[in-house]
Amino acid sequence: MLAGRRLILGICGGIAAYKAAELVRLLRKKGAEVQVVLTTGAEAFVTPLLFEALSRKRCFTQRDFLSPQGGLIPHTDLAAWAEGIVVAPATASFLSKLARGEPSDLLTAIVMATRAPVLLAPAMNTNMWEHPATRENLARLREFGYRVVEPASGELACGAQGPGRLPPLETLLLEIEGLFVEKSLAGKMVLITGGPTREPLDAVRFLSNPSSGRMAVALARAALLLGAEVHLVHGPLSVSPPEGVKTHPVKTAAEMLQVAQGLFEKADLALFAAAVCDFTPEKPLQGKVKKEDFPRTLSLKPTPDIAALFNARKRPGQISLGFALEEAENLLPRAREKLEKKGFDFLAANALSAFEAEETEIFLFSRTRETPRRFHGSKEKVALEMLQEVARAL
Ligand code: C5P
């Protein structure tokens, strides 16, 4: 996707500027041509020399804006050259300038002068990220059509804990690739179920499973990248869904069924990634039952099989994809059987060992192909590649 692409990487003055060096290396490894532009702030952290060596191109700085050489008009020439622009890290002050349309520096001027798609990767202190001014600027920038990749949470250089870190480079790479993917789900509505469900035993105890919801969130991101309207009906998640996804939080399987029902009718594509709890108590107990009084035997009944119920009502042209988590030995035959039995068009099978893992290996079965296709890597990468394949069936 990136081979031969002409990219500008704009780097602002934040600590994460050092990570941009590795990003240049990775982009070039994928075959992209990378033109680096440093803001004055960035030059206080990193040097043009580093980026010239990594990109094998002249590195532009603020000095080129005011005293260009060799007949160049740097901001417009670079803006016209670029097929895509990435600003990573984008500081609060850069976002503010761009939101106000104030091209007083080379990078802002390039971004304002281009027609190429632009991706902003903000990284800053958590309080700055959460400041109402930053919120407002980001909302405006999104309105202007800029794409924004949310910062990751964790420990920041200043010692604070929270959102503000530059996302992992693999996530960034994927978002950058997203600038060039064909919007094969444009105009389509995608329904995703995700996360575990919680079936209450009493007011404070519940039955559940350790699903993180990461696959559903990765699918939601991928569907957004491909241009879809995305609805995510989810149980408790350990990762937050990207901005732009319409989220419908639920707790129990029965609630998930109820909320997903109306959405399913409008969906072109339904992805059932929820780890729905298979059983629910016959009768949940009221209030918090004392430990001594808690029954030692639970009477359970099965939860509704959401995917099977919806699949039975599919209209022509509607496509569904389910997941199957199986012991490694029986993975392939069982997956084929589940596809047929539950009425899916596609079934993504993974081995039990992948349940809570970051990386995944999936075999994608379809009704129309004899042999499954294998996808491997981060859940984000697998989700995107898998959805591109599924979109072809729509
Ligand atoms: O039968 P099994 O639970 O392995 O099927 C897994 C697939 O069915 C997944 O796509 C899951 O989201 C979906 N499912 C569901 N409702 C249930 C159980 C599973 O939608 N009650």
# chains A, B, ... in the order shown; residues from 1 in each chain; ligands from 1
$ closest_atom_pairs --of "chain A" --to "ligand 1" --cutoff "8 Å" --atoms "only C-alpha atoms and all ligand atoms" --output "Markdown table"
| residue | atom | partner | partner_atom_place_in_ligand_line | distance |
| --- | --- | --- | --- | --- |
| A:Thr193 | CA | ligand 1 | 12 (O) | 6.7 |
| A:Gly194 | CA | ligand 1 | 12 (O) | 7.2 |
| A:Ala253 | CA | ligand 1 | 21 (N) | 6.7 |
| A:Leu271 | CA | ligand 1 | 10 (O) | 7.3 |
| A:Phe272 | CA | ligand 1 | 12 (O) | 4.1 |
| A:Ala273 | CA | ligand 1 | 12 (O) | 4.4 |
| A:Ala274 | CA | ligand 1 | 12 (O) | 4.1 |
| A:Ala275 | CA | ligand 1 | 12 (O) | 5.4 |
| A:Val276 | CA | ligand 1 | 17 (C) | 4.9 |
| A:Cys277 | CA | ligand 1 | 21 (N) | 6.4 |
| A:Asp278 | CA | ligand 1 | 21 (N) | 5.4 |
| A:Pro302 | CA | ligand 1 | 21 (N) | 7.8 |
| A:Thr303 | CA | ligand 1 | 21 (N) | 5.4 |
| A:Pro304 | CA | ligand 1 | 21 (N) | 5.0 |
| A:Asp305 | CA | ligand 1 | 21 (N) | 3.4 |
| A:Ile306 | CA | ligand 1 | 20 (O) | 3.8 |
| A:Ala307 | CA | ligand 1 | 20 (O) | 3.7 |
| A:Ala308 | CA | ligand 1 | 20 (O) | 6.6 |
| A:Leu321 | CA | ligand 1 | 10 (O) | 6.9 |
| A:Gly322 | CA | ligand 1 | 10 (O) | 3.4 |
| A:Phe323 | CA | ligand 1 | 10 (O) | 3.9 |
| A:Ala324 | CA | ligand 1 | 4 (O) | 4.8 |
| A:Leu325 | CA | ligand 1 | 4 (O) | 6.1 |
| A:Glu326 | CA | ligand 1 | 4 (O) | 7.6 |
| A:Lys338 | CA | ligand 1 | 1 (O) | 7.0 |
| A:Lys342 | CA | ligand 1 | 8 (O) | 7.5 |
| A:Leu347 | CA | ligand 1 | 10 (O) | 7.7 |
$ closest_atom_pairs --of "segment 67-184 of chain A" --to "segment 33-41 of chain A" --cutoff "9 Å" --atoms "only C-alpha atoms" --output "JSON lines"
{"residue": "A:Leu78", "atom": "CA", "partner": "A:Gln35", "partner_atom": "CA", "distance": 8.6}
{"residue": "A:Ala82", "atom": "CA", "partner": "A:Gln35", "partner_atom": "CA", "distance": 8.6}
{"residue": "A:Asp105", "atom": "CA", "partner": "A:Thr39", "partner_atom": "CA", "distance": 7.5}
{"residue": "A:Leu106", "atom": "CA", "partner": "A:Thr39", "partner_atom": "CA", "distance": 7.4}
{"residue": "A:Leu107", "atom": "CA", "partner": "A:Val37", "partner_atom": "CA", "distance": 6.6}
$ residues_around --residues "segment 385-390 of chain A" --least-positions-apart "5" --cutoff "8 Å" --atoms "only C-alpha atoms" --output "list of chain:residue names"
A:Ser184, A:Leu219, A:Ala222, A:Ala223, A:Leu226, A:Phe346, A:Leu364, A:Phe375
$ closest_residue --among "A:Thr297, A:Arg100, A:Phe310, A:Ser55" --to "Leu201 of chain A" --atoms "only C-alpha atoms"
A:Thr297
$ decode --residues "segment 277-347 of chain A" --atoms "C-alpha atoms" --output "PDB file, in the first residue's frame"
ATOM      1  CA  CYS A 277     -21.350 -15.612  27.957  1.00  0.00           C
ATOM      2  CA  ASP A 278     -22.972 -18.959  27.108  1.00  0.00           C
ATOM      3  CA  PHE A 279     -24.995 -19.236  30.317  1.00  0.00           C
ATOM      4  CA  THR A 280     -26.903 -16.920  32.588  1.00  0.00           C
ATOM      5  CA  PRO A 281     -28.421 -17.626  36.012  1.00  0.00           C
ATOM      6  CA  GLU A 282     -31.961 -18.985  35.879  1.00  0.00           C
ATOM      7  CA  LYS A 283     -32.901 -16.275  38.413  1.00  0.00           C
ATOM      8  CA  PRO A 284     -30.398 -13.601  39.503  1.00  0.00           C
ATOM      9  CA  LEU A 285     -30.499 -12.948  43.257  1.00  0.00           C
ATOM     10  CA  GLN A 286     -31.618  -9.557  44.503  1.00  0.00           C
ATOM     11  CA  GLY A 287     -29.216  -7.182  46.263  1.00  0.00           C
ATOM     12  CA  LYS A 288     -25.811  -8.280  47.553  1.00  0.00           C
ATOM     13  CA  VAL A 289     -26.283 -11.744  48.999  1.00  0.00           C
ATOM     14  CA  LYS A 290     -24.187 -12.411  52.116  1.00  0.00           C
ATOM     15  CA  LYS A 291     -21.308 -14.823  51.620  1.00  0.00           C
ATOM     16  CA  GLU A 292     -22.809 -17.294  54.121  1.00  0.00           C
ATOM     17  CA  ASP A 293     -26.163 -17.228  52.342  1.00  0.00           C
ATOM     18  CA  PHE A 294     -24.835 -17.531  48.812  1.00  0.00           C
ATOM     19  CA  PRO A 295     -26.108 -20.713  47.116  1.00  0.00           C
ATOM     20  CA  ARG A 296     -23.397 -23.330  46.505  1.00  0.00           C
ATOM     21  CA  THR A 297     -25.078 -24.562  43.354  1.00  0.00           C
ATOM     22  CA  LEU A 298     -26.059 -22.287  40.517  1.00  0.00           C
ATOM     23  CA  SER A 299     -28.930 -23.003  38.228  1.00  0.00           C
ATOM     24  CA  LEU A 300     -28.106 -21.773  34.741  1.00  0.00           C
ATOM     25  CA  LYS A 301     -29.912 -21.405  31.443  1.00  0.00           C
ATOM     26  CA  PRO A 302     -28.355 -20.789  28.012  1.00  0.00           C
ATOM     27  CA  THR A 303     -28.180 -17.218  26.684  1.00  0.00           C
ATOM     28  CA  PRO A 304     -29.665 -16.391  23.273  1.00  0.00           C
ATOM     29  CA  ASP A 305     -27.308 -17.188  20.390  1.00  0.00           C
ATOM     30  CA  ILE A 306     -27.298 -13.701  18.895  1.00  0.00           C
ATOM     31  CA  ALA A 307     -25.376 -14.545  15.734  1.00  0.00           C
ATOM     32  CA  ALA A 308     -27.438 -17.645  14.948  1.00  0.00           C
ATOM     33  CA  LEU A 309     -30.714 -15.763  15.503  1.00  0.00           C
ATOM     34  CA  PHE A 310     -29.659 -12.894  13.232  1.00  0.00           C
ATOM     35  CA  ASN A 311     -28.186 -15.146  10.569  1.00  0.00           C
ATOM     36  CA  ALA A 312     -31.522 -16.929  10.275  1.00  0.00           C
ATOM     37  CA  ARG A 313     -33.122 -13.567   9.396  1.00  0.00           C
ATOM     38  CA  LYS A 314     -30.486 -12.317   6.981  1.00  0.00           C
ATOM     39  CA  ARG A 315     -31.838 -10.542   3.923  1.00  0.00           C
ATOM     40  CA  PRO A 316     -30.275 -11.089   0.482  1.00  0.00           C
ATOM     41  CA  GLY A 317     -27.015  -9.207   0.129  1.00  0.00           C
ATOM     42  CA  GLN A 318     -26.445  -8.940   3.870  1.00  0.00           C
ATOM     43  CA  ILE A 319     -23.147 -10.530   4.917  1.00  0.00           C
ATOM     44  CA  SER A 320     -22.163 -11.878   8.321  1.00  0.00           C
ATOM     45  CA  LEU A 321     -18.877 -12.926   9.841  1.00  0.00           C
ATOM     46  CA  GLY A 322     -18.482 -14.923  13.017  1.00  0.00           C
ATOM     47  CA  PHE A 323     -15.549 -15.953  15.147  1.00  0.00           C
ATOM     48  CA  ALA A 324     -14.682 -19.366  16.467  1.00  0.00           C
ATOM     49  CA  LEU A 325     -12.200 -19.975  19.201  1.00  0.00           C
ATOM     50  CA  GLU A 326     -11.186 -23.619  19.253  1.00  0.00           C
ATOM     51  CA  GLU A 327      -8.524 -25.952  20.594  1.00  0.00           C
ATOM     52  CA  ALA A 328      -5.652 -25.909  18.108  1.00  0.00           C
ATOM     53  CA  GLU A 329      -6.024 -29.598  17.129  1.00  0.00           C
ATOM     54  CA  ASN A 330      -9.626 -29.311  15.950  1.00  0.00           C
ATOM     55  CA  LEU A 331      -9.498 -25.758  14.681  1.00  0.00           C
ATOM     56  CA  LEU A 332     -10.053 -26.231  10.968  1.00  0.00           C
ATOM     57  CA  PRO A 333     -12.773 -28.934  10.809  1.00  0.00           C
ATOM     58  CA  ARG A 334     -14.693 -27.336  13.657  1.00  0.00           C
ATOM     59  CA  ALA A 335     -14.572 -23.916  12.047  1.00  0.00           C
ATOM     60  CA  ARG A 336     -16.059 -25.211   8.794  1.00  0.00           C
ATOM     61  CA  GLU A 337     -18.793 -26.945  10.783  1.00  0.00           C
ATOM     62  CA  LYS A 338     -19.595 -23.749  12.758  1.00  0.00           C
ATOM     63  CA  LEU A 339     -19.830 -21.676   9.574  1.00  0.00           C
ATOM     64  CA  GLU A 340     -22.511 -24.017   8.231  1.00  0.00           C
ATOM     65  CA  LYS A 341     -24.339 -24.619  11.477  1.00  0.00           C
ATOM     66  CA  LYS A 342     -24.677 -20.984  12.512  1.00  0.00           C
ATOM     67  CA  GLY A 343     -25.297 -19.638   9.011  1.00  0.00           C
ATOM     68  CA  PHE A 344     -22.306 -17.280   8.670  1.00  0.00           C
ATOM     69  CA  ASP A 345     -20.942 -16.180   5.276  1.00  0.00           C
ATOM     70  CA  PHE A 346     -17.451 -15.918   6.756  1.00  0.00           C
ATOM     71  CA  LEU A 347     -15.941 -17.463   9.823  1.00  0.00           C
TER      72      LEU A 347
END
